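Raw start_28.txt, compact mmCIF, C-alpha atoms and all ligand atoms:
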# COMPACT_ATOMS: atom_id res chain seq x y z
CA MET P 1 -83.38 -100.01 -20.70
CA GLY P 2 -81.24 -101.28 -17.80
CA LYS P 3 -79.31 -99.06 -15.47
CA GLU P 4 -75.91 -97.76 -16.52
CA LYS P 5 -72.96 -99.53 -14.92
CA VAL P 6 -70.02 -97.17 -14.51
CA ALA P 7 -66.32 -98.05 -14.58
CA ILE P 8 -63.49 -95.59 -14.02
CA ILE P 9 -60.36 -96.41 -16.00
CA GLY P 10 -57.52 -94.68 -14.18
CA SER P 11 -56.86 -93.75 -10.58
CA GLY P 12 -54.31 -90.95 -10.49
CA ASN P 13 -54.90 -87.49 -9.07
CA TRP P 14 -57.79 -86.59 -11.42
CA GLY P 15 -59.00 -90.16 -11.78
CA SER P 16 -59.46 -90.37 -8.02
CA ALA P 17 -61.21 -87.00 -7.77
CA ILE P 18 -63.61 -88.08 -10.51
CA ALA P 19 -64.20 -91.46 -8.86
CA LYS P 20 -65.22 -89.60 -5.71
CA LEU P 21 -67.82 -87.55 -7.63
CA ALA P 22 -69.10 -90.55 -9.57
CA GLY P 23 -69.36 -92.72 -6.46
CA GLY P 24 -71.64 -90.14 -4.86
CA ASN P 25 -73.68 -89.38 -7.96
CA VAL P 26 -74.58 -92.97 -8.86
CA LYS P 27 -76.32 -93.10 -5.48
CA LYS P 28 -78.02 -89.75 -6.04
CA HIS P 29 -79.23 -90.88 -9.50
CA SER P 30 -79.89 -94.51 -8.71
CA ASP P 31 -82.76 -94.42 -11.24
CA VAL P 32 -80.13 -94.06 -13.99
CA PHE P 33 -77.07 -95.82 -12.55
CA ASP P 34 -76.36 -99.08 -10.79
CA ASP P 35 -75.25 -97.63 -7.46
CA SER P 36 -73.94 -100.82 -5.88
CA LYS P 37 -70.40 -100.61 -7.23
CA VAL P 38 -68.17 -98.24 -9.20
CA PRO P 39 -65.08 -100.26 -10.18
CA MET P 40 -61.94 -98.16 -10.61
CA TRP P 41 -59.02 -99.68 -12.47
CA VAL P 42 -55.81 -99.20 -10.49
CA PHE P 43 -52.38 -99.77 -11.98
CA GLU P 44 -51.14 -101.85 -9.08
CA GLU P 45 -48.17 -100.71 -7.07
CA ASP P 46 -46.91 -100.82 -3.49
CA TYR P 47 -47.31 -97.75 -1.35
CA GLU P 48 -46.00 -97.51 2.20
CA GLY P 49 -45.64 -101.30 2.34
CA ARG P 50 -49.19 -102.11 1.15
CA LYS P 51 -50.82 -102.71 -2.23
CA LEU P 52 -52.52 -99.51 -3.46
CA THR P 53 -55.74 -101.43 -4.23
CA GLU P 54 -55.80 -102.77 -0.68
CA ILE P 55 -55.32 -99.26 0.72
CA ILE P 56 -58.19 -97.92 -1.40
CA ASN P 57 -60.54 -100.79 -0.61
CA THR P 58 -59.81 -100.73 3.11
CA ASP P 59 -59.34 -97.03 3.86
CA HIS P 60 -61.53 -95.71 1.00
CA GLU P 61 -58.82 -93.25 0.09
CA ASN P 62 -56.13 -93.12 -2.60
CA LYS P 63 -53.34 -92.24 -0.20
CA LYS P 64 -50.73 -91.91 -2.93
CA TYR P 65 -52.49 -89.83 -5.59
CA LEU P 66 -55.29 -88.02 -3.70
CA PRO P 67 -54.56 -88.16 0.03
CA ASP P 68 -57.09 -87.04 2.66
CA VAL P 69 -60.11 -87.39 0.38
CA LYS P 70 -62.56 -90.21 1.09
CA PHE P 71 -64.40 -92.24 -1.55
CA SER P 72 -67.85 -93.58 -0.89
CA GLU P 73 -67.65 -97.32 -0.21
CA ASN P 74 -69.12 -98.24 -3.60
CA VAL P 75 -65.85 -97.15 -5.27
CA VAL P 76 -63.87 -100.36 -5.54
CA ALA P 77 -60.26 -100.57 -6.73
CA VAL P 78 -59.66 -103.36 -9.25
CA PRO P 79 -56.13 -104.20 -10.41
CA ASP P 80 -57.20 -106.13 -13.53
CA LEU P 81 -58.29 -103.81 -16.34
CA VAL P 82 -60.55 -106.26 -18.16
CA GLU P 83 -62.18 -107.28 -14.89
CA ALA P 84 -62.79 -103.60 -14.03
CA VAL P 85 -64.82 -102.96 -17.20
CA LYS P 86 -66.75 -106.27 -17.15
CA GLY P 87 -70.44 -105.50 -17.71
CA ALA P 88 -69.83 -101.73 -17.65
CA THR P 89 -71.88 -99.54 -19.99
CA ALA P 90 -70.43 -96.13 -19.03
CA LEU P 91 -66.64 -96.10 -19.28
CA VAL P 92 -64.67 -93.12 -17.95
CA PHE P 93 -61.15 -92.94 -19.38
CA VAL P 94 -58.96 -90.86 -17.08
CA MET P 95 -55.32 -91.83 -17.21
CA PRO P 96 -52.16 -90.02 -18.30
CA HIS P 97 -52.21 -90.12 -22.10
CA GLN P 98 -48.97 -92.07 -22.33
CA PHE P 99 -50.74 -95.23 -21.04
CA LEU P 100 -53.91 -95.14 -23.14
CA SER P 101 -52.71 -97.13 -26.11
CA LYS P 102 -51.63 -100.10 -23.97
CA CYS P 103 -54.98 -100.07 -22.17
CA LEU P 104 -56.88 -100.07 -25.45
CA ASP P 105 -54.82 -103.05 -26.64
CA GLN P 106 -56.17 -104.95 -23.63
CA LEU P 107 -59.74 -103.70 -23.96
CA GLU P 108 -60.32 -104.27 -27.67
CA GLY P 109 -63.18 -106.76 -28.08
CA LYS P 110 -63.75 -106.88 -24.29
CA VAL P 111 -66.24 -104.05 -23.69
CA GLU P 112 -70.03 -104.26 -23.83
CA LYS P 113 -71.43 -103.58 -27.32
CA ASN P 114 -73.89 -100.98 -25.96
CA ALA P 115 -71.28 -99.22 -23.83
CA LYS P 116 -70.53 -95.50 -24.10
CA ALA P 117 -67.33 -93.80 -23.05
CA ILE P 118 -65.99 -90.41 -22.12
CA SER P 119 -62.37 -89.27 -22.29
CA LEU P 120 -61.02 -86.98 -19.56
CA ILE P 121 -57.50 -87.38 -20.95
CA LYS P 122 -55.62 -84.23 -21.92
CA GLY P 123 -53.33 -84.76 -24.90
CA VAL P 124 -53.32 -85.65 -28.60
CA GLY P 125 -52.34 -88.71 -30.59
CA VAL P 126 -49.92 -87.84 -33.41
CA GLU P 127 -48.42 -89.98 -36.15
CA GLY P 128 -46.46 -87.80 -38.56
CA SER P 129 -48.96 -85.55 -40.32
CA ASP P 130 -52.00 -87.23 -38.66
CA ILE P 131 -53.52 -85.97 -35.44
CA HIS P 132 -56.36 -87.41 -33.36
CA VAL P 133 -58.11 -86.47 -30.16
CA PHE P 134 -58.35 -89.33 -27.68
CA ALA P 135 -62.16 -89.45 -27.72
CA ASP P 136 -61.89 -90.39 -31.40
CA VAL P 137 -59.08 -92.86 -30.74
CA ILE P 138 -61.17 -94.64 -28.05
CA GLN P 139 -64.28 -94.56 -30.23
CA ASP P 140 -62.44 -96.05 -33.22
CA ARG P 141 -60.52 -98.69 -31.30
CA LEU P 142 -63.43 -99.92 -29.14
CA GLY P 143 -66.33 -99.17 -31.51
CA ILE P 144 -68.28 -97.25 -28.85
CA SER P 145 -69.61 -93.71 -28.83
CA THR P 146 -67.10 -91.54 -26.93
CA SER P 147 -67.57 -88.00 -25.59
CA ALA P 148 -64.97 -85.74 -23.94
CA LEU P 149 -64.80 -83.81 -20.66
CA SER P 150 -62.34 -81.02 -20.00
CA GLY P 151 -62.25 -77.82 -18.01
CA ALA P 152 -60.55 -75.67 -15.40
CA ASN P 153 -60.29 -78.59 -13.01
CA ILE P 154 -57.26 -78.81 -10.75
CA ALA P 155 -58.08 -82.18 -9.20
CA ASN P 156 -57.18 -81.37 -5.61
CA GLU P 157 -59.60 -78.43 -5.59
CA VAL P 158 -62.46 -80.32 -7.25
CA ALA P 159 -61.96 -83.18 -4.79
CA ILE P 160 -62.58 -80.93 -1.78
CA ASP P 161 -65.67 -79.33 -3.33
CA ARG P 162 -64.25 -75.95 -4.21
CA PHE P 163 -66.61 -74.42 -6.78
CA SER P 164 -65.55 -75.25 -10.35
CA GLU P 165 -66.99 -75.72 -13.81
CA THR P 166 -66.27 -78.17 -16.58
CA THR P 167 -67.34 -78.84 -20.15
CA VAL P 168 -68.63 -82.05 -21.68
CA GLY P 169 -68.32 -82.21 -25.46
CA TYR P 170 -70.95 -84.79 -26.25
CA ARG P 171 -71.52 -87.21 -29.10
CA THR P 172 -75.31 -87.17 -28.61
CA GLU P 173 -77.30 -84.88 -26.36
CA GLU P 174 -78.73 -87.87 -24.50
CA GLU P 175 -75.23 -89.12 -23.73
CA GLY P 176 -74.21 -85.62 -22.65
CA GLN P 177 -77.06 -85.56 -20.15
CA MET P 178 -76.07 -88.96 -18.79
CA TRP P 179 -72.45 -87.79 -18.27
CA GLN P 180 -73.71 -84.61 -16.65
CA LYS P 181 -75.68 -86.68 -14.12
CA LEU P 182 -72.61 -88.76 -13.39
CA PHE P 183 -70.31 -85.82 -12.66
CA GLN P 184 -72.29 -82.73 -11.69
CA THR P 185 -72.56 -81.68 -8.05
CA PRO P 186 -73.60 -78.39 -6.45
CA HIS P 187 -69.89 -77.48 -6.46
CA PHE P 188 -68.96 -78.87 -9.90
CA LYS P 189 -71.03 -77.47 -12.73
CA VAL P 190 -71.06 -79.46 -15.95
CA GLN P 191 -71.87 -77.53 -19.15
CA LEU P 192 -72.75 -79.40 -22.33
CA ILE P 193 -71.66 -78.57 -25.88
CA ASP P 194 -71.80 -80.43 -29.17
CA ASP P 195 -68.02 -80.17 -29.74
CA VAL P 196 -65.96 -83.25 -28.86
CA ALA P 197 -62.93 -82.06 -30.83
CA GLY P 198 -62.92 -78.49 -29.48
CA VAL P 199 -63.24 -79.60 -25.85
CA SER P 200 -60.53 -82.25 -26.28
CA LEU P 201 -58.10 -79.97 -28.09
CA CYS P 202 -58.48 -77.13 -25.62
CA GLY P 203 -57.56 -79.54 -22.80
CA ALA P 204 -54.50 -80.77 -24.67
CA LEU P 205 -53.13 -77.51 -26.01
CA LYS P 206 -53.58 -75.45 -22.84
CA ASN P 207 -50.93 -77.67 -21.24
CA ILE P 208 -48.34 -76.29 -23.68
CA VAL P 209 -49.39 -72.77 -22.72
CA ALA P 210 -49.11 -73.69 -19.02
CA VAL P 211 -45.51 -74.80 -19.57
CA ALA P 212 -44.79 -71.41 -21.16
CA ALA P 213 -46.41 -69.69 -18.16
CA GLY P 214 -44.16 -71.68 -15.84
CA PHE P 215 -41.11 -70.54 -17.83
CA ILE P 216 -42.28 -66.93 -17.32
CA ASP P 217 -42.54 -67.59 -13.57
CA GLY P 218 -39.09 -69.15 -13.55
CA LEU P 219 -37.72 -66.06 -15.27
CA GLU P 220 -39.62 -63.85 -12.78
CA TYR P 221 -40.97 -61.68 -15.59
CA GLY P 222 -44.18 -60.87 -13.69
CA ASN P 223 -47.89 -60.69 -14.38
CA ASN P 224 -47.98 -58.69 -17.62
CA SER P 225 -45.78 -61.27 -19.31
CA LYS P 226 -47.88 -64.14 -17.95
CA ALA P 227 -51.08 -62.48 -19.20
CA ALA P 228 -49.48 -62.00 -22.63
CA ILE P 229 -48.53 -65.69 -22.74
CA MET P 230 -52.11 -66.67 -21.86
CA ARG P 231 -53.53 -64.41 -24.59
CA ILE P 232 -51.08 -65.54 -27.28
CA GLY P 233 -51.50 -69.15 -26.17
CA LEU P 234 -55.27 -69.03 -26.37
CA LEU P 235 -55.04 -67.55 -29.87
CA GLU P 236 -52.64 -70.27 -31.02
CA MET P 237 -55.01 -72.87 -29.55
CA LYS P 238 -57.91 -71.42 -31.47
CA HIS P 239 -55.99 -71.08 -34.75
CA PHE P 240 -54.74 -74.65 -34.41
CA CYS P 241 -58.24 -76.04 -33.84
CA GLN P 242 -59.76 -74.06 -36.66
CA GLU P 243 -56.97 -74.89 -39.09
CA PHE P 244 -56.88 -78.64 -38.51
CA PHE P 245 -60.34 -79.51 -37.10
CA LYS P 246 -62.88 -77.68 -39.20
CA ASP P 247 -65.98 -78.32 -37.05
CA VAL P 248 -64.79 -76.94 -33.71
CA LYS P 249 -67.14 -74.40 -32.18
CA GLU P 250 -66.11 -70.81 -31.49
CA GLU P 251 -67.89 -70.95 -28.07
CA SER P 252 -65.52 -73.65 -26.80
CA PHE P 253 -62.68 -71.13 -26.49
CA LEU P 254 -64.25 -68.16 -24.72
CA GLN P 255 -67.55 -69.36 -23.29
CA GLU P 256 -66.63 -72.75 -21.92
CA SER P 257 -64.55 -73.83 -18.95
CA ALA P 258 -62.57 -76.04 -21.34
CA GLY P 259 -61.19 -72.95 -23.11
CA VAL P 260 -60.10 -69.72 -21.48
CA ALA P 261 -60.83 -70.83 -17.90
CA ASP P 262 -58.58 -73.86 -18.15
CA VAL P 263 -55.79 -71.73 -19.65
CA ILE P 264 -56.05 -69.41 -16.66
CA THR P 265 -56.16 -72.03 -13.90
CA SER P 266 -53.37 -74.09 -15.46
CA CYS P 267 -51.13 -71.03 -15.92
CA LEU P 268 -51.72 -70.08 -12.30
CA GLY P 269 -51.81 -73.37 -10.46
CA GLY P 270 -51.12 -76.55 -12.42
CA ARG P 271 -48.38 -79.15 -12.30
CA ASN P 272 -47.09 -78.22 -15.77
CA ARG P 273 -46.64 -74.62 -14.62
CA LYS P 274 -44.97 -75.67 -11.38
CA CYS P 275 -42.43 -78.01 -13.01
CA ALA P 276 -41.68 -75.52 -15.81
CA GLU P 277 -40.85 -72.87 -13.22
CA ALA P 278 -38.53 -75.36 -11.48
CA PHE P 279 -36.96 -76.26 -14.87
CA VAL P 280 -35.80 -72.65 -15.13
CA LYS P 281 -34.81 -72.15 -11.50
CA GLN P 282 -33.24 -75.54 -10.75
CA LYS P 283 -31.81 -76.19 -14.23
CA LYS P 284 -32.78 -79.88 -14.10
CA PRO P 285 -34.38 -81.91 -16.91
CA PHE P 286 -38.15 -82.43 -16.81
CA ASP P 287 -38.02 -86.18 -16.16
CA GLU P 288 -35.98 -85.55 -13.01
CA LEU P 289 -38.32 -82.77 -11.85
CA GLU P 290 -41.36 -84.97 -12.48
CA ARG P 291 -39.83 -87.69 -10.33
CA ASP P 292 -38.77 -85.30 -7.56
CA MET P 293 -41.83 -83.06 -7.42
CA LEU P 294 -44.91 -85.09 -8.45
CA ASN P 295 -44.78 -88.33 -6.43
CA GLY P 296 -45.76 -90.51 -9.40
CA GLN P 297 -48.09 -88.03 -11.09
CA LYS P 298 -47.35 -87.33 -14.73
CA LEU P 299 -46.58 -84.20 -16.75
CA GLN P 300 -48.48 -83.79 -19.99
CA GLY P 301 -47.54 -80.40 -21.48
CA ILE P 302 -44.00 -81.13 -22.61
CA HIS P 303 -45.16 -84.33 -24.36
CA THR P 304 -48.02 -82.52 -26.06
CA ALA P 305 -45.53 -79.83 -27.15
CA LYS P 306 -43.43 -82.57 -28.76
CA ASP P 307 -46.45 -84.25 -30.40
CA VAL P 308 -47.69 -80.93 -31.77
CA HIS P 309 -44.17 -80.08 -33.00
CA ILE P 310 -43.95 -83.37 -34.92
CA PHE P 311 -47.37 -82.77 -36.45
CA LEU P 312 -46.74 -79.12 -37.40
CA LYS P 313 -43.35 -79.98 -38.88
CA ALA P 314 -44.91 -82.70 -41.01
CA ARG P 315 -47.52 -80.16 -42.20
CA ASP P 316 -44.87 -77.46 -42.73
CA ARG P 317 -46.80 -75.10 -40.41
CA LEU P 318 -44.38 -74.53 -37.52
CA GLY P 319 -44.02 -70.82 -38.34
CA ALA P 320 -47.71 -70.18 -37.65
CA TYR P 321 -47.44 -71.32 -33.99
CA PRO P 322 -44.38 -69.61 -32.50
CA LEU P 323 -45.35 -70.07 -28.84
CA PHE P 324 -45.99 -73.80 -29.19
CA ASP P 325 -42.71 -74.11 -31.09
CA LYS P 326 -40.67 -72.20 -28.50
CA VAL P 327 -42.02 -74.41 -25.70
CA TYR P 328 -40.93 -77.48 -27.65
CA HIS P 329 -37.42 -76.16 -28.34
CA ILE P 330 -36.85 -74.99 -24.75
CA SER P 331 -38.18 -78.23 -23.24
CA TRP P 332 -36.50 -80.70 -25.56
CA GLU P 333 -33.76 -79.04 -27.61
CA GLY P 334 -31.86 -76.85 -25.15
CA LEU P 335 -33.05 -73.48 -26.47
CA PRO P 336 -32.29 -70.90 -23.74
CA VAL P 337 -35.51 -70.04 -21.92
CA GLU P 338 -34.86 -66.30 -22.37
CA LYS P 339 -35.69 -66.83 -26.06
CA LEU P 340 -39.31 -67.69 -25.16
CA THR P 341 -40.71 -64.24 -25.87
CA GLU P 342 -38.44 -63.38 -28.80
CA GLY P 343 -40.44 -62.93 -31.97
CA LEU P 344 -43.84 -63.56 -30.39
P1 LIG U 1 -51.58 -88.68 -12.62
O1 LIG U 1 -50.83 -87.55 -13.26
O2 LIG U 1 -51.87 -88.58 -11.17
O3 LIG U 1 -50.76 -89.99 -12.96
C1 LIG U 1 -50.66 -91.06 -12.09
C2 LIG U 1 -51.40 -92.25 -12.63
O4 LIG U 1 -50.63 -92.89 -13.65
C3 LIG U 1 -51.64 -93.28 -11.53
O5 LIG U 1 -52.97 -93.76 -11.60
C4 LIG U 1 -50.66 -94.36 -11.90
O6 LIG U 1 -51.09 -95.63 -11.48
C5 LIG U 1 -50.69 -94.28 -13.40
N1 LIG U 1 -49.58 -94.99 -13.99
C6 LIG U 1 -48.26 -94.90 -13.70
N2 LIG U 1 -47.55 -95.77 -14.44
C7 LIG U 1 -48.45 -96.44 -15.22
C8 LIG U 1 -48.34 -97.43 -16.21
N3 LIG U 1 -47.16 -97.93 -16.59
N4 LIG U 1 -49.48 -97.87 -16.82
C9 LIG U 1 -50.67 -97.35 -16.48
N5 LIG U 1 -50.84 -96.39 -15.55
C10 LIG U 1 -49.73 -95.95 -14.93
O7 LIG U 1 -52.97 -88.89 -13.41
P2 LIG U 1 -54.25 -87.92 -13.41
O8 LIG U 1 -53.98 -86.65 -12.67
O9 LIG U 1 -55.42 -88.74 -13.00
O10 LIG U 1 -54.38 -87.50 -14.94
C11 LIG U 1 -55.09 -88.26 -15.89
C12 LIG U 1 -55.49 -87.37 -17.04
O11 LIG U 1 -56.37 -86.34 -16.53
C13 LIG U 1 -54.33 -86.62 -17.70
O12 LIG U 1 -54.56 -86.55 -19.08
C14 LIG U 1 -54.40 -85.22 -17.12
O13 LIG U 1 -53.91 -84.22 -17.99
C15 LIG U 1 -55.90 -85.07 -16.93
N6 LIG U 1 -56.28 -84.09 -15.90
C16 LIG U 1 -55.61 -84.00 -14.72
C17 LIG U 1 -56.02 -83.07 -13.78
C18 LIG U 1 -55.31 -82.92 -12.45
O14 LIG U 1 -55.48 -81.86 -11.80
N7 LIG U 1 -54.57 -83.92 -11.98
C19 LIG U 1 -57.12 -82.26 -14.04
C20 LIG U 1 -57.79 -82.39 -15.24
C21 LIG U 1 -57.35 -83.31 -16.17
P1 LIG U 2 -51.80 -79.84 -14.73
O1 LIG U 2 -51.65 -81.20 -15.35
O2 LIG U 2 -50.85 -78.82 -15.25
O3 LIG U 2 -51.79 -79.90 -13.22
O4 LIG U 2 -53.25 -79.30 -15.11
C1 LIG U 2 -54.35 -79.87 -14.54
C2 LIG U 2 -55.53 -79.48 -15.35
O5 LIG U 2 -55.72 -79.99 -16.42
C3 LIG U 2 -56.39 -78.41 -14.79
O6 LIG U 2 -57.55 -78.24 -15.54

Go ahead and render the structure in this file as structure tokens.
Amino acid sequence: MGKEKVAIIGSGNWGSAIAKLAGGNVKKHSDVFDDSKVPMWVFEEDYEGRKLTEIINTDHENKKYLPDVKFSENVVAVPDLVEAVKGATALVFVMPHQFLSKCLDQLEGKVEKNAKAISLIKGVGVEGSDIHVFADVIQDRLGISTSALSGANIANEVAIDRFSETTVGYRTEEEGQMWQKLFQTPHFKVQLIDDVAGVSLCGALKNIVAVAAGFIDGLEYGNNSKAAIMRIGLLEMKHFCQEFFKDVKEESFLQESAGVADVITSCLGGRNRKCAEAFVKQKKPFDELERDMLNGQKLQGIHTAKDVHIFLKARDRLGAYPLFDKVYHISWEGLPVEKLTEGL
């Protein structure tokens, strides 16, 4: 069997942190991976008067989305998506979920038949009463086996080698081991579990909980309230997974980084939390806060809250998930934020 050729599809804050790890690890495991080049698809834009791809390929740094962190020189920014995945057998999908569908339109029929993929995207695809995790969406659209990676992984901390853990929900154990080799470092521990859906859903749903935690911070209710939101949120996550995805594993919630650990880190330190706090304090809409506070990075939690609301409404199950529902109504329908804890 030939060596795996890696391509990173996405180059935002997390995409860049992951490209840094992968660039180093293909060299460390050059028996498994082609270490000469790790193409990273970059949605082209100008930054400080230069093309972002030129900045990355010259300075070996994504100055817009992950400043002050250097890539190894084998990480190469490519502005054309189809060109970036040419010949690749290990595809890493790591873009904000709102752009996935358009990328898949371009990639259909263009990827290697023996390729495998992994989704690092946090969110869900909803159409009325249907719901899908993105690993399944990628697998179905491209016809390639697709695993999922999610965990307590604030990108800026992972990128500077602060100790963290993550979870790979694998399709086959062999693929799980390959993804572990691509991402694991002494500072970034990759655990494996046979639970693609559980890992994916935890990563999506915890973003709704993080928005709720940010509302609590905006209201200045303190630590007991935040802890209560985390507990109730984790329970709603678990009920949701078990109600709608029968095969999810119990361990994913309490024993894996993808579950409780990601709820905690996101409720303490994530972008969703930060913008939700500002939503309460500054009384501005989320799109304005995203623009003002995130320098092009994208919020996920409020969109996932809307997707989950649409799905639960179509299934007539809104009443079973009061925290998720409150986050939706506060974010999108003008419900006063003080109502967050009412009836929980
Ligand atoms: P990001 O939030 O930094 O978003 C910016 C990216 O979006 C840039 O690469 C930009 O080029 C791209 N973009 C903007 N407009 C676009 C368009 N029209 N078409 C295509 N791309 C466009 O992205 P991120 O932090 O890398 O997040 C990617 C995924 O990883 C998300 O699902 C997120 O939830 C997840 N994640 C993020 C973190 C984190 O700490 N940042 C950690 C774990 C998981
Ligand atoms: P935010 O998108 O809220 O920053 O969360 C990042 C994350 O997923 C941490 O695991």

Would you pick out the contacts of Glu338 of chain P at 10 Å or less, using all atoms listed in the file, so that residues sharing its chain but fewer than 5 positions from it are not included, and give the list as a short mmCIF file (atom, residue, chain, number, x, y, z; two decimals) with C-alpha atoms, in the frame of the given file?
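What follows is the written file around36.cif:
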data_model
loop_
_atom_site.label_atom_id
_atom_site.label_comp_id
_atom_site.auth_asym_id
_atom_site.auth_seq_id
_atom_site.Cartn_x
_atom_site.Cartn_y
_atom_site.Cartn_z
CA PHE P 215 -41.11 -70.54 -17.83
CA ILE P 216 -42.28 -66.93 -17.32
CA LEU P 219 -37.72 -66.06 -15.27
CA VAL P 280 -35.80 -72.65 -15.13
CA ILE P 330 -36.85 -74.99 -24.75
#

message: Around ligand LIG 2 (chain U), which protein and nucleic acid residues have at least one atom no more than 8 Å from it, if we count all atoms listed in the file? List them as a ChimeraX atom specification.
response: /P:122,150-155,203,207,210-211,258,262-263,265-267,269-274,298-301

- prompt: Got a sec: who's within 8 Å of Leu107 of chain P, counting only C-alpha atoms, leaving out chain neighbours fewer than 2 positions off, as a ChimeraX atom specification?
  reply: /P:81-82,103-105,109-111,142

- request: Determine, counting all atoms listed in the file, which protein, DNA and RNA residues have an atom within 7 Å of an atom of segment 322-327 of chain P; residues of the same chain fewer than 2 positions away are not included. Present the result as a ChimeraX atom specification.
  value: /P:208,212,233,305,309,318-320,329-331,340,344

field: Atomic separation - atom O10 of ligand LIG 1 (chain U) relative to atom CA of Arg317 of chain P, Å
entry: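 Interatomic distance, atom CA of Arg317 of chain P to atom O10 of ligand LIG 1 (chain U): 29.3 Å.
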
- prompt: Expressed in Å to a single decimal, how great is the separation between atom CA of Thr53 of chain P and atom CA of Val75 of chain P?
  reply: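 Atom CA of Thr53 of chain P sits 11.0 Å away from atom CA of Val75 of chain P.
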
Limit the output to N, CA and C atoms and give segment 186-202 of chain P as a PDB file, in the first residue's frame.
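Writing done, so here's decode-v2.pdb:
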ATOM      1  N   PRO P 186       2.938  14.748  21.872  1.00  0.00           N
ATOM      2  CA  PRO P 186       3.057  14.587  23.326  1.00  0.00           C
ATOM      3  C   PRO P 186       2.129  15.520  24.109  1.00  0.00           C
ATOM      4  N   HIS P 187       1.673  16.595  23.450  1.00  0.00           N
ATOM      5  CA  HIS P 187       0.816  17.569  24.147  1.00  0.00           C
ATOM      6  C   HIS P 187      -0.647  17.440  23.749  1.00  0.00           C
ATOM      7  N   PHE P 188      -0.948  16.593  22.777  1.00  0.00           N
ATOM      8  CA  PHE P 188      -2.307  16.496  22.233  1.00  0.00           C
ATOM      9  C   PHE P 188      -2.645  15.008  22.133  1.00  0.00           C
ATOM     10  N   LYS P 189      -3.355  14.532  23.128  1.00  0.00           N
ATOM     11  CA  LYS P 189      -3.625  13.097  23.226  1.00  0.00           C
ATOM     12  C   LYS P 189      -4.908  12.751  22.479  1.00  0.00           C
ATOM     13  N   VAL P 190      -4.816  11.787  21.594  1.00  0.00           N
ATOM     14  CA  VAL P 190      -5.957  11.396  20.771  1.00  0.00           C
ATOM     15  C   VAL P 190      -6.487  10.053  21.262  1.00  0.00           C
ATOM     16  N   GLN P 191      -7.707  10.043  21.779  1.00  0.00           N
ATOM     17  CA  GLN P 191      -8.359   8.799  22.207  1.00  0.00           C
ATOM     18  C   GLN P 191      -9.239   8.311  21.064  1.00  0.00           C
ATOM     19  N   LEU P 192      -9.386   6.987  20.982  1.00  0.00           N
ATOM     20  CA  LEU P 192     -10.189   6.408  19.896  1.00  0.00           C
ATOM     21  C   LEU P 192     -11.451   5.753  20.464  1.00  0.00           C
ATOM     22  N   ILE P 193     -12.557   5.921  19.753  1.00  0.00           N
ATOM     23  CA  ILE P 193     -13.804   5.251  20.152  1.00  0.00           C
ATOM     24  C   ILE P 193     -14.619   4.951  18.890  1.00  0.00           C
ATOM     25  N   ASP P 194     -15.336   3.846  18.959  1.00  0.00           N
ATOM     26  CA  ASP P 194     -16.136   3.413  17.816  1.00  0.00           C
ATOM     27  C   ASP P 194     -17.508   4.105  17.875  1.00  0.00           C
ATOM     28  N   ASP P 195     -17.524   5.429  17.728  1.00  0.00           N
ATOM     29  CA  ASP P 195     -18.773   6.183  17.906  1.00  0.00           C
ATOM     30  C   ASP P 195     -18.727   7.494  17.110  1.00  0.00           C
ATOM     31  N   VAL P 196     -18.864   7.380  15.814  1.00  0.00           N
ATOM     32  CA  VAL P 196     -18.811   8.584  14.953  1.00  0.00           C
ATOM     33  C   VAL P 196     -19.931   9.553  15.318  1.00  0.00           C
ATOM     34  N   ALA P 197     -21.139   9.011  15.508  1.00  0.00           N
ATOM     35  CA  ALA P 197     -22.286   9.892  15.763  1.00  0.00           C
ATOM     36  C   ALA P 197     -22.155  10.583  17.114  1.00  0.00           C
ATOM     37  N   GLY P 198     -21.786   9.826  18.157  1.00  0.00           N
ATOM     38  CA  GLY P 198     -21.691  10.411  19.496  1.00  0.00           C
ATOM     39  C   GLY P 198     -20.650  11.518  19.548  1.00  0.00           C
ATOM     40  N   VAL P 199     -19.477  11.258  18.967  1.00  0.00           N
ATOM     41  CA  VAL P 199     -18.407  12.267  18.960  1.00  0.00           C
ATOM     42  C   VAL P 199     -18.865  13.507  18.193  1.00  0.00           C
ATOM     43  N   SER P 200     -19.484  13.301  17.049  1.00  0.00           N
ATOM     44  CA  SER P 200     -19.928  14.442  16.224  1.00  0.00           C
ATOM     45  C   SER P 200     -21.006  15.254  16.938  1.00  0.00           C
ATOM     46  N   LEU P 201     -21.964  14.559  17.520  1.00  0.00           N
ATOM     47  CA  LEU P 201     -23.093  15.269  18.140  1.00  0.00           C
ATOM     48  C   LEU P 201     -22.666  16.030  19.384  1.00  0.00           C
ATOM     49  N   CYS P 202     -21.756  15.430  20.158  1.00  0.00           N
ATOM     50  CA  CYS P 202     -21.259  16.155  21.338  1.00  0.00           C
ATOM     51  C   CYS P 202     -20.649  17.482  20.894  1.00  0.00           C
TER      52      CYS P 202
END
